[in-house]
Protein chains: 2
Amino acid sequence: MNSFITLCQQSIGEEHVLLDEFDLQPYLTEWRKRATGKAIAIVLPATTEEVSALVKLCVQFNINIVPQGGNTGLVIGSIPTRTSDVIDTIVLSLRRLNRIRSVDATNNTMIVEAGCQLHTVQDAATQHERLFPLSLASEGSCTIGGNLSTNAGGTAVLRYGNMRDLCLGLEVVTADGEIWNGLRGLRKDNTGYDLRDLYIGAEGTLGIITAAVLKLFPKPTAQFTALCAVNNIEDAVSLLHFTQNQCANKLTAFELISKFALSLVQKHFPHLSNTIPTKSPYYVLLEISEYKSESEIERMNQLEMVCEKAFENHLIQDAIIATSNEQAKTLWQLRESISEAQAKEGKNIKHDISLPISSIANFVQQTDALLQQAYPTCRLVTFGHVGDGNLHYNVSPPIGEDAQEFLAQQNQINRIVYDSVNQFNGSISAEHGIGTLKKEELVLYKSATELNLMRAIKLALDPHNIMNPGKII
Amino acid sequence: MNSFITLCQQSIGEEHVLLDEFDLQPYLTEWRKRATGKAIAIVLPATTEEVSALVKLCVQFNINIVPQGGNTGLVIGSIPTRTSDVIDTIVLSLRRLNRIRSVDATNNTMIVEAGCQLHTVQDAATQHERLFPLSLASEGSCTIGGNLSTNAGGTAVLRYGNMRDLCLGLEVVTADGEIWNGLRGLRKDNTGYDLRDLYIGAEGTLGIITAAVLKLFPKPTAQFTALCAVNNIEDAVSLLHFTQNQCANKLTAFELISKFALSLVQKHFPHLSNTIPTKSPYYVLLEISEYKSESEIERMNQLEMVCEKAFENHLIQDAIIATSNEQAKTLWQLRESISEAQAKEGKNIKHDISLPISSIANFVQQTDALLQQAYPTCRLVTFGHVGDGNLHYNVSPPIGEDAQEFLAQQNQINRIVYDSVNQFNGSISAEHGIGTLKKEELVLYKSATELNLMRAIKLALDPHNIMNPGKII
């Protein structure tokens, strides 16, 4: 083991191999503090070649590797979780691999390294009058490598797709330490198997993504936001189609928020409470982006027209249309404060699920009923990216009862929710991934055939099982 | 062998196992008649279960399988090509697996079987007031299974993506005859490795796609088309960005056509020649789609405005803006007649390549010069989907010289073109795939690391090497 560490130090410099228990902790603790792991060392390479050298050492010494970006994941996927007596794992942090290698504004692409933080990439795109559309709550600290490895989603998926759709090419260090240069900035390339999409979403279990070619887009010249009151989820889905038929891809966000979710924001963020309507059972936050000069926008603002027509068709009961950027920001704050408001309210049981859009209303109706039957006083916090079929369907403990006792029922509650998701052909993880948190559930809901295909791929690309072992499968 | 055939007949019915030499020929001959293969039989299953039963028989008897859709591919990928003395291959045609299983207009999805022809799928979408955007020259006979297996492209990729982007889920019969049901109609699903994208574009070498969930879109209410004269490719690329900045995703087509390509259309389709301008070295066919009611379109037609501004900025020299659907159709005919005009002119050497959009102009300039240096009288037919970086860069024999002698130089000409493509980080197959036609070239231009990863996946998912052997790798 000592010679392994010495060789690591020789490869990347002594100061980039952390060994001190105190230094290790931030890399070994899951950010929501649900788990802590053990590691021999944290290694911080600064180049792809250094990553390659380290992986080759790990193969030689049979050491496991947990690749890590910003360590902001939600499924305990980026820390060591093996509980053997012998510590045989390193965390390989990509933080120092954080250069923007190039921006090609004419090709609408940029090449960035895995350790670049998302906000840095967004800013670099802006500097070139382009948009990199991925937008997440953790954008201030998450990294592109993590975004790719978990196929991150967020609020812009409706228009721009998830991380998989925003990436044209990858550079990967394979599980045997070879460097695959797949940094192609091409929109079309039919030359063999799609290795790119295999590494994307693999949560570091097949190899280490070290750099990527990202897609850039024209920057909208203006955005219009409204919060619409709807009677039920059916109407929200009808409003989605109505708006898409009118505006097609100019619709850049369509977020559902339940009355109870809004009331939590009202309770915990009193400064926002003036702007919060609470009459309707559900609200939709929608955003339309324009790409025209200002004078044209003036006469072309479609949002008002869409809201008017939707009102005439009884799809919406009411609407607040932001008349300034500031007001738009406030409406978005309502949406973005839900998670924090929930946290202030206390612990809860979270589900990041997706469904065919045509089944969302029935799913919510059925699952609400099943949960209220089993736990009559539980509180349901329902919100999410309805345009993508993605719900954050969270269950809060009853007021005044023992929260711990309720939270101890998590397995039973998950079973009710996920069985229902499964019945409607949905997914138990829409955008967060599997990690260790949903590993056992994956086996419950995936067919043996699919699991066998996944195992065959894992064995083919990581034959020594050293890449983030214990995650996904 | 006899017992294998008897078991096949028992599985799917005697009349669906073709054995007669005469019946076999259409399935064994490549449509451009460049190759003919040999097979024991053509089997025509009608259900996924029948496909599964047949594959299991093939595993048992060690028989190779060539899956086939419409047999309209361009890289000799859908007929047997092995030249051993023993005939040990069947062609498994998906033609009878041609049901549209369901349409979910609210989810904007439909589930179709692999043998559905593309035009049938387009029509079914239209019947539900939706758009299935894939659009190809062969849409009257190609099938969805073939479109998926070759990750088909076409003229709508700029706005809607290629076939990979139009598919949410698959049903696949694996190489050991198991049925993987991955028919999920979900926009977000992060539950393990991306098997879908692995089978898409694998040209039938990893398993047999039997059905798919396809994405549908709102149907545009109107489309506006123009043919713009540009001085050079740099200006065409500038016009692309200018238009995208103005219209974003309303730009649904952007096709480059060289003067010489248009002159071939003029020569061989005299009835179109009135509409053909021939002053400029290059032309761009562009199309803008609107999603509004007719009265709104009236005042919002952006195409005229864009052309005006582009003219003011000296990006274009002239423009024909179609004033009727019929005129728009004629402009599209110019584009769509190029391949046929080329065929009428005689054989030529075709290249389906892609490049970073920022490199197209330099690539064409450099490669034109290299070719003209080596073959001073060759004629270059350059056209394609510039918005996707995809060029059809074809080389025609000189007029008045021996065409056969020129065509015999194909390998040397390919080398000049593909070396240049490689130097600009492009792809030697943008949308047609590899098949057997580009198999040797793949080895020249892919890294050993990438080829090894592809081989590892092939071995993992098709361990007996019975799935379309000899294709891709």
# chains A, B, ... in the order shown; residues from 1 in each chain; ligands from 1

call {"tool": "residues_around", "arguments": {"residues": "stretch 52-59 of chain B", "least_positions_apart": "5", "cutoff": "12 Å", "atoms": "only C-alpha atoms", "output": "PyMOL selection string"}}
result
chain B and resi 1+3-13+16-17+40+42-47+64-67+88-93+171-180+207-210+462-467

call {"tool": "interface_residues", "arguments": {"of": "chain B", "to": "chain A", "cutoff": "7 Å", "atoms": "only C-alpha atoms", "output": "number ranges by chain"}}
result
B: 106-107, 178, 180, 184-194, 197-198, 201-202, 218, 244-249, 291-292, 354-358, 388-390, 425, 427, 429-434, 449-450, 454, 456-457, 460-461, 472

call {"tool": "select_by_dssp", "arguments": {"residues": "stretch 157-330 of chain B", "states": "strand (DSSP E or B)", "output": "number ranges by chain"}}
result
B: 167-174, 179-182, 207-215, 217-218, 222-230, 251-258, 282-290, 318-321

call {"tool": "write_last_selection", "arguments": {"atoms": "N, CA and C atoms", "output": "compact mmCIF listing (two decimals), in the first residue's frame"}}
result
# COMPACT_ATOMS: atom_id res chain seq x y z
N CYS B 167 -36.37 8.96 -30.43
CA CYS B 167 -36.78 7.68 -29.83
C CYS B 167 -36.64 7.75 -28.32
N LEU B 168 -37.70 7.38 -27.62
CA LEU B 168 -37.64 7.37 -26.15
C LEU B 168 -37.39 5.98 -25.58
N GLY B 169 -37.75 4.94 -26.31
CA GLY B 169 -37.57 3.60 -25.74
C GLY B 169 -37.62 2.54 -26.82
N LEU B 170 -37.09 1.37 -26.50
CA LEU B 170 -37.00 0.28 -27.48
C LEU B 170 -37.50 -1.04 -26.90
N GLU B 171 -37.93 -1.90 -27.79
CA GLU B 171 -38.06 -3.32 -27.49
C GLU B 171 -37.05 -4.02 -28.38
N VAL B 172 -36.25 -4.90 -27.77
CA VAL B 172 -35.15 -5.53 -28.50
C VAL B 172 -35.16 -7.03 -28.20
N VAL B 173 -34.92 -7.84 -29.23
CA VAL B 173 -34.60 -9.24 -28.99
C VAL B 173 -33.07 -9.33 -28.97
N THR B 174 -32.54 -9.76 -27.83
CA THR B 174 -31.08 -9.77 -27.65
C THR B 174 -30.48 -10.92 -28.47
N ILE B 179 -36.21 -11.21 -24.74
CA ILE B 179 -36.90 -9.97 -25.12
C ILE B 179 -36.65 -8.92 -24.05
N TRP B 180 -36.02 -7.82 -24.45
CA TRP B 180 -35.89 -6.69 -23.52
C TRP B 180 -36.99 -5.69 -23.83
N ASN B 181 -37.88 -5.49 -22.88
CA ASN B 181 -38.94 -4.50 -23.05
C ASN B 181 -38.51 -3.18 -22.43
N GLY B 182 -38.00 -2.32 -23.27
CA GLY B 182 -37.60 -0.99 -22.82
C GLY B 182 -38.48 0.07 -23.47
N GLY B 207 -28.21 -6.92 -31.57
CA GLY B 207 -29.52 -7.47 -31.25
C GLY B 207 -30.49 -6.97 -32.31
N ILE B 208 -31.77 -7.34 -32.16
CA ILE B 208 -32.75 -6.95 -33.17
C ILE B 208 -33.80 -6.04 -32.55
N ILE B 209 -33.86 -4.81 -33.02
CA ILE B 209 -34.89 -3.88 -32.55
C ILE B 209 -36.23 -4.34 -33.14
N THR B 210 -37.22 -4.57 -32.26
CA THR B 210 -38.53 -5.05 -32.75
C THR B 210 -39.63 -3.99 -32.64
N ALA B 211 -39.44 -3.01 -31.74
CA ALA B 211 -40.43 -1.94 -31.62
C ALA B 211 -39.79 -0.75 -30.92
N ALA B 212 -40.45 0.40 -31.02
CA ALA B 212 -39.87 1.61 -30.43
C ALA B 212 -40.96 2.59 -30.01
N VAL B 213 -40.66 3.38 -28.99
CA VAL B 213 -41.49 4.53 -28.63
C VAL B 213 -40.90 5.74 -29.33
N LEU B 214 -41.69 6.35 -30.22
CA LEU B 214 -41.21 7.51 -30.97
C LEU B 214 -41.81 8.79 -30.42
N LYS B 215 -41.04 9.86 -30.52
CA LYS B 215 -41.51 11.19 -30.07
C LYS B 215 -42.35 11.85 -31.16
N PHE B 217 -44.46 15.63 -32.26
CA PHE B 217 -44.33 17.07 -32.04
C PHE B 217 -45.57 17.78 -32.55
N PRO B 218 -45.80 19.00 -32.05
CA PRO B 218 -46.90 19.79 -32.64
C PRO B 218 -46.62 19.99 -34.12
N ALA B 222 -47.71 26.50 -40.57
CA ALA B 222 -47.30 27.02 -41.88
C ALA B 222 -45.79 26.93 -42.00
N GLN B 223 -45.32 26.82 -43.23
CA GLN B 223 -43.88 26.80 -43.47
C GLN B 223 -43.54 27.76 -44.59
N PHE B 224 -42.44 28.45 -44.41
CA PHE B 224 -41.99 29.43 -45.40
C PHE B 224 -40.62 29.03 -45.90
N THR B 225 -40.46 29.10 -47.21
CA THR B 225 -39.25 28.58 -47.84
C THR B 225 -38.61 29.65 -48.72
N ALA B 226 -37.29 29.69 -48.72
CA ALA B 226 -36.58 30.60 -49.61
C ALA B 226 -35.31 29.94 -50.12
N LEU B 227 -34.89 30.35 -51.30
CA LEU B 227 -33.61 29.92 -51.86
C LEU B 227 -32.74 31.16 -51.96
N CYS B 228 -31.64 31.18 -51.21
CA CYS B 228 -30.82 32.37 -51.13
C CYS B 228 -29.48 32.14 -51.83
N ALA B 229 -29.07 33.10 -52.62
CA ALA B 229 -27.77 33.04 -53.28
C ALA B 229 -26.70 33.59 -52.33
N VAL B 230 -25.63 32.82 -52.14
CA VAL B 230 -24.53 33.30 -51.29
C VAL B 230 -23.23 33.22 -52.06
N LEU B 251 -36.24 27.82 -37.36
CA LEU B 251 -35.50 27.43 -38.57
C LEU B 251 -35.49 25.92 -38.65
N THR B 252 -36.23 25.35 -39.61
CA THR B 252 -36.37 23.89 -39.67
C THR B 252 -35.58 23.24 -40.79
N ALA B 253 -34.99 24.01 -41.69
CA ALA B 253 -34.10 23.41 -42.68
C ALA B 253 -33.11 24.46 -43.16
N PHE B 254 -31.92 23.99 -43.48
CA PHE B 254 -30.86 24.89 -43.96
C PHE B 254 -29.92 24.03 -44.80
N GLU B 255 -30.19 24.02 -46.10
CA GLU B 255 -29.49 23.11 -47.02
C GLU B 255 -28.62 23.89 -47.99
N LEU B 256 -27.37 23.49 -48.05
CA LEU B 256 -26.44 24.11 -49.00
C LEU B 256 -26.47 23.37 -50.34
N ILE B 257 -26.42 24.12 -51.44
CA ILE B 257 -26.37 23.51 -52.77
C ILE B 257 -25.35 24.27 -53.61
N SER B 258 -24.41 23.56 -54.20
CA SER B 258 -23.42 24.24 -55.03
C SER B 258 -24.01 24.52 -56.41
N TYR B 282 -22.82 29.32 -54.64
CA TYR B 282 -23.58 28.48 -53.71
C TYR B 282 -24.96 29.06 -53.46
N TYR B 283 -25.88 28.16 -53.08
CA TYR B 283 -27.23 28.57 -52.70
C TYR B 283 -27.60 27.90 -51.38
N VAL B 284 -28.49 28.55 -50.65
CA VAL B 284 -28.99 27.95 -49.40
C VAL B 284 -30.51 27.87 -49.50
N LEU B 285 -31.03 26.67 -49.26
CA LEU B 285 -32.48 26.50 -49.18
C LEU B 285 -32.83 26.57 -47.71
N LEU B 286 -33.64 27.54 -47.31
CA LEU B 286 -33.98 27.58 -45.88
C LEU B 286 -35.48 27.60 -45.67
N GLU B 287 -35.86 27.04 -44.56
CA GLU B 287 -37.28 26.88 -44.25
C GLU B 287 -37.53 27.29 -42.81
N ILE B 288 -38.58 28.10 -42.63
CA ILE B 288 -38.98 28.52 -41.29
C ILE B 288 -40.38 28.00 -41.02
N SER B 289 -40.58 27.41 -39.86
CA SER B 289 -41.90 26.87 -39.52
C SER B 289 -42.57 27.74 -38.46
N GLU B 290 -43.87 27.92 -38.65
CA GLU B 290 -44.64 28.72 -37.69
C GLU B 290 -45.68 27.84 -37.00
N ASP B 318 -29.10 37.57 -53.18
CA ASP B 318 -30.39 37.52 -53.83
C ASP B 318 -31.20 36.44 -53.12
N ALA B 319 -32.52 36.46 -53.27
CA ALA B 319 -33.33 35.40 -52.66
C ALA B 319 -34.63 35.23 -53.42
N ILE B 320 -35.02 33.98 -53.60
CA ILE B 320 -36.36 33.68 -54.09
C ILE B 320 -37.17 33.24 -52.88
N ILE B 321 -38.20 33.99 -52.53
CA ILE B 321 -39.04 33.59 -51.41
C ILE B 321 -40.32 33.01 -51.98

call {"tool": "closest_residue", "arguments": {"among": "B:Ala261, B:Val417, B:Val112, B:Leu444", "to": "B:Gln365", "atoms": "only C-alpha atoms"}}
result
B:Val417

call {"tool": "residues_around", "arguments": {"residues": "stretch 26-28 of chain B", "least_positions_apart": "3", "cutoff": "10 Å", "atoms": "only C-alpha atoms", "output": "list in words"}}
result
Glu21, Phe22, Asp23, Trp31, Lys33, Ala35, Thr36, Gly37, Lys38, Ala39, Ala41, Ile42, Gln68, Gly69, Gly70, Asn71, Ser78, Ile79, Pro80, Thr81, Val91, Leu92 and Ser93 of chain B

call {"tool": "select_by_dssp", "arguments": {"residues": "stretch 175-286 of chain B", "states": "helix (DSSP H, G or I)", "output": "ChimeraX atom specification"}}
result
/B:195-199,233-250,259-268,270-275

call {"tool": "residues_around", "arguments": {"residues": "stretch 332-349 of chain A", "least_positions_apart": "6", "cutoff": "8 Å", "atoms": "only C-alpha atoms", "output": "ChimeraX atom specification"}}
result
/A:137,255,257,261-262,264-265,267-269,272,276,285,394-397,403,407,410

call {"tool": "write_last_selection", "arguments": {"atoms": "N, CA, C and O atoms", "output": "PDB file, in the first residue's frame"}}
result
ATOM      1  N   ALA A 137     -30.310  23.557  -9.216  1.00  0.00           N
ATOM      2  CA  ALA A 137     -30.164  24.213  -7.919  1.00  0.00           C
ATOM      3  C   ALA A 137     -28.695  24.268  -7.483  1.00  0.00           C
ATOM      4  O   ALA A 137     -28.242  25.252  -6.921  1.00  0.00           O
ATOM      5  N   GLU A 255     -43.524  24.431 -15.061  1.00  0.00           N
ATOM      6  CA  GLU A 255     -43.335  23.815 -13.749  1.00  0.00           C
ATOM      7  C   GLU A 255     -44.648  23.776 -12.982  1.00  0.00           C
ATOM      8  O   GLU A 255     -45.322  24.796 -12.814  1.00  0.00           O
ATOM      9  N   ILE A 257     -46.748  23.341  -9.493  1.00  0.00           N
ATOM     10  CA  ILE A 257     -46.553  23.540  -8.051  1.00  0.00           C
ATOM     11  C   ILE A 257     -47.896  23.319  -7.364  1.00  0.00           C
ATOM     12  O   ILE A 257     -48.898  23.949  -7.728  1.00  0.00           O
ATOM     13  N   ALA A 261     -47.338  22.925  -1.572  1.00  0.00           N
ATOM     14  CA  ALA A 261     -45.936  23.283  -1.776  1.00  0.00           C
ATOM     15  C   ALA A 261     -45.766  24.803  -1.684  1.00  0.00           C
ATOM     16  O   ALA A 261     -44.856  25.308  -1.021  1.00  0.00           O
ATOM     17  N   LEU A 262     -46.698  25.541  -2.312  1.00  0.00           N
ATOM     18  CA  LEU A 262     -46.638  27.012  -2.239  1.00  0.00           C
ATOM     19  C   LEU A 262     -46.849  27.507  -0.816  1.00  0.00           C
ATOM     20  O   LEU A 262     -46.221  28.472  -0.376  1.00  0.00           O
ATOM     21  N   LEU A 264     -45.975  26.092   1.879  1.00  0.00           N
ATOM     22  CA  LEU A 264     -44.727  25.933   2.647  1.00  0.00           C
ATOM     23  C   LEU A 264     -43.776  27.085   2.362  1.00  0.00           C
ATOM     24  O   LEU A 264     -43.095  27.587   3.262  1.00  0.00           O
ATOM     25  N   VAL A 265     -43.727  27.505   1.103  1.00  0.00           N
ATOM     26  CA  VAL A 265     -42.881  28.654   0.749  1.00  0.00           C
ATOM     27  C   VAL A 265     -43.384  29.900   1.484  1.00  0.00           C
ATOM     28  O   VAL A 265     -42.616  30.674   2.061  1.00  0.00           O
ATOM     29  N   LYS A 267     -44.975  30.047   4.263  1.00  0.00           N
ATOM     30  CA  LYS A 267     -44.721  29.938   5.696  1.00  0.00           C
ATOM     31  C   LYS A 267     -43.263  30.249   6.034  1.00  0.00           C
ATOM     32  O   LYS A 267     -42.986  30.961   6.991  1.00  0.00           O
ATOM     33  N   HIS A 268     -42.354  29.736   5.220  1.00  0.00           N
ATOM     34  CA  HIS A 268     -40.946  29.819   5.579  1.00  0.00           C
ATOM     35  C   HIS A 268     -40.211  30.977   4.909  1.00  0.00           C
ATOM     36  O   HIS A 268     -39.074  31.261   5.267  1.00  0.00           O
ATOM     37  N   PHE A 269     -40.824  31.598   3.917  1.00  0.00           N
ATOM     38  CA  PHE A 269     -40.215  32.770   3.282  1.00  0.00           C
ATOM     39  C   PHE A 269     -41.235  33.899   3.263  1.00  0.00           C
ATOM     40  O   PHE A 269     -41.787  34.235   2.211  1.00  0.00           O
ATOM     41  N   LEU A 272     -41.739  36.570   0.593  1.00  0.00           N
ATOM     42  CA  LEU A 272     -42.331  36.244  -0.702  1.00  0.00           C
ATOM     43  C   LEU A 272     -43.854  36.146  -0.633  1.00  0.00           C
ATOM     44  O   LEU A 272     -44.525  36.041  -1.663  1.00  0.00           O
ATOM     45  N   ILE A 276     -47.763  35.386  -3.285  1.00  0.00           N
ATOM     46  CA  ILE A 276     -48.190  33.994  -3.383  1.00  0.00           C
ATOM     47  C   ILE A 276     -49.712  33.864  -3.371  1.00  0.00           C
ATOM     48  O   ILE A 276     -50.366  34.181  -2.382  1.00  0.00           O
ATOM     49  N   LEU A 285     -45.959  27.430 -13.379  1.00  0.00           N
ATOM     50  CA  LEU A 285     -45.047  28.521 -13.702  1.00  0.00           C
ATOM     51  C   LEU A 285     -44.577  28.282 -15.132  1.00  0.00           C
ATOM     52  O   LEU A 285     -44.012  27.236 -15.424  1.00  0.00           O
ATOM     53  N   ASN A 394     -43.079  14.367  -2.926  1.00  0.00           N
ATOM     54  CA  ASN A 394     -42.496  14.196  -1.592  1.00  0.00           C
ATOM     55  C   ASN A 394     -43.574  14.040  -0.535  1.00  0.00           C
ATOM     56  O   ASN A 394     -44.650  14.618  -0.628  1.00  0.00           O
ATOM     57  N   VAL A 395     -43.253  13.254   0.482  1.00  0.00           N
ATOM     58  CA  VAL A 395     -44.223  12.966   1.535  1.00  0.00           C
ATOM     59  C   VAL A 395     -43.684  13.500   2.856  1.00  0.00           C
ATOM     60  O   VAL A 395     -42.636  13.064   3.328  1.00  0.00           O
ATOM     61  N   SER A 396     -44.419  14.470   3.435  1.00  0.00           N
ATOM     62  CA  SER A 396     -44.003  15.070   4.696  1.00  0.00           C
ATOM     63  C   SER A 396     -44.761  14.436   5.855  1.00  0.00           C
ATOM     64  O   SER A 396     -45.930  14.077   5.717  1.00  0.00           O
ATOM     65  N   PRO A 397     -44.101  14.332   7.020  1.00  0.00           N
ATOM     66  CA  PRO A 397     -44.774  13.767   8.200  1.00  0.00           C
ATOM     67  C   PRO A 397     -45.971  14.623   8.592  1.00  0.00           C
ATOM     68  O   PRO A 397     -46.001  15.825   8.312  1.00  0.00           O
ATOM     69  N   ALA A 403     -42.197  12.854  14.021  1.00  0.00           N
ATOM     70  CA  ALA A 403     -41.661  12.777  12.657  1.00  0.00           C
ATOM     71  C   ALA A 403     -40.799  11.536  12.477  1.00  0.00           C
ATOM     72  O   ALA A 403     -40.856  10.868  11.445  1.00  0.00           O
ATOM     73  N   LEU A 407     -40.975   8.805   9.594  1.00  0.00           N
ATOM     74  CA  LEU A 407     -39.871   8.605   8.647  1.00  0.00           C
ATOM     75  C   LEU A 407     -39.360   7.162   8.669  1.00  0.00           C
ATOM     76  O   LEU A 407     -38.805   6.675   7.684  1.00  0.00           O
ATOM     77  N   GLN A 410     -40.295   4.790   5.863  1.00  0.00           N
ATOM     78  CA  GLN A 410     -39.849   5.154   4.517  1.00  0.00           C
ATOM     79  C   GLN A 410     -39.951   4.003   3.519  1.00  0.00           C
ATOM     80  O   GLN A 410     -40.436   4.186   2.395  1.00  0.00           O
TER      81      GLN A 410
END

call {"tool": "decode", "arguments": {"residues": "stretch 12-26 of chain A", "atoms": "N, CA, C and O atoms", "output": "short mmCIF file (atom, residue, chain, number, x, y, z; two decimals), in the first residue's frame"}}
result
data_model
loop_
_atom_site.label_atom_id
_atom_site.label_comp_id
_atom_site.auth_asym_id
_atom_site.auth_seq_id
_atom_site.Cartn_x
_atom_site.Cartn_y
_atom_site.Cartn_z
N ILE A 12 1.49 12.60 -9.55
CA ILE A 12 0.74 13.86 -9.60
C ILE A 12 1.25 14.90 -8.60
O ILE A 12 0.69 16.00 -8.52
N GLY A 13 2.30 14.59 -7.87
CA GLY A 13 2.84 15.53 -6.89
C GLY A 13 2.29 15.24 -5.49
O GLY A 13 1.08 15.01 -5.34
N GLU A 14 3.18 15.27 -4.52
CA GLU A 14 2.82 14.88 -3.15
C GLU A 14 1.63 15.66 -2.60
O GLU A 14 0.75 15.10 -1.95
N GLU A 15 1.61 16.97 -2.91
CA GLU A 15 0.57 17.82 -2.32
C GLU A 15 -0.83 17.52 -2.88
O GLU A 15 -1.83 18.00 -2.35
N HIS A 16 -0.90 16.72 -3.93
CA HIS A 16 -2.20 16.42 -4.52
C HIS A 16 -2.70 15.02 -4.16
O HIS A 16 -3.66 14.53 -4.73
N VAL A 17 -2.00 14.40 -3.20
CA VAL A 17 -2.47 13.12 -2.65
C VAL A 17 -2.77 13.37 -1.17
O VAL A 17 -1.87 13.48 -0.35
N LEU A 18 -4.05 13.54 -0.86
CA LEU A 18 -4.44 13.87 0.52
C LEU A 18 -4.51 12.58 1.33
O LEU A 18 -5.14 11.60 0.93
N LEU A 19 -3.86 12.61 2.51
CA LEU A 19 -3.82 11.41 3.35
C LEU A 19 -4.34 11.69 4.75
O LEU A 19 -4.75 10.77 5.47
N ASP A 20 -4.33 12.98 5.13
CA ASP A 20 -4.71 13.36 6.48
C ASP A 20 -6.22 13.20 6.68
O ASP A 20 -7.02 13.67 5.85
N GLU A 21 -6.60 12.56 7.77
CA GLU A 21 -8.01 12.27 8.07
C GLU A 21 -8.87 13.53 7.94
O GLU A 21 -9.95 13.50 7.36
N PHE A 22 -8.36 14.64 8.45
CA PHE A 22 -9.10 15.90 8.43
C PHE A 22 -9.33 16.40 7.00
O PHE A 22 -10.43 16.84 6.66
N ASP A 23 -8.29 16.27 6.17
CA ASP A 23 -8.41 16.69 4.77
C ASP A 23 -9.37 15.80 3.99
O ASP A 23 -10.04 16.23 3.05
N LEU A 24 -9.41 14.53 4.40
CA LEU A 24 -10.24 13.56 3.66
C LEU A 24 -11.74 13.79 3.85
O LEU A 24 -12.53 13.56 2.93
N GLN A 25 -12.12 14.25 5.04
CA GLN A 25 -13.53 14.26 5.41
C GLN A 25 -14.48 14.89 4.39
O GLN A 25 -15.49 14.29 4.03
N PRO A 26 -14.19 16.11 3.89
CA PRO A 26 -15.15 16.71 2.96
C PRO A 26 -15.41 15.85 1.72
O PRO A 26 -16.50 15.89 1.15
#
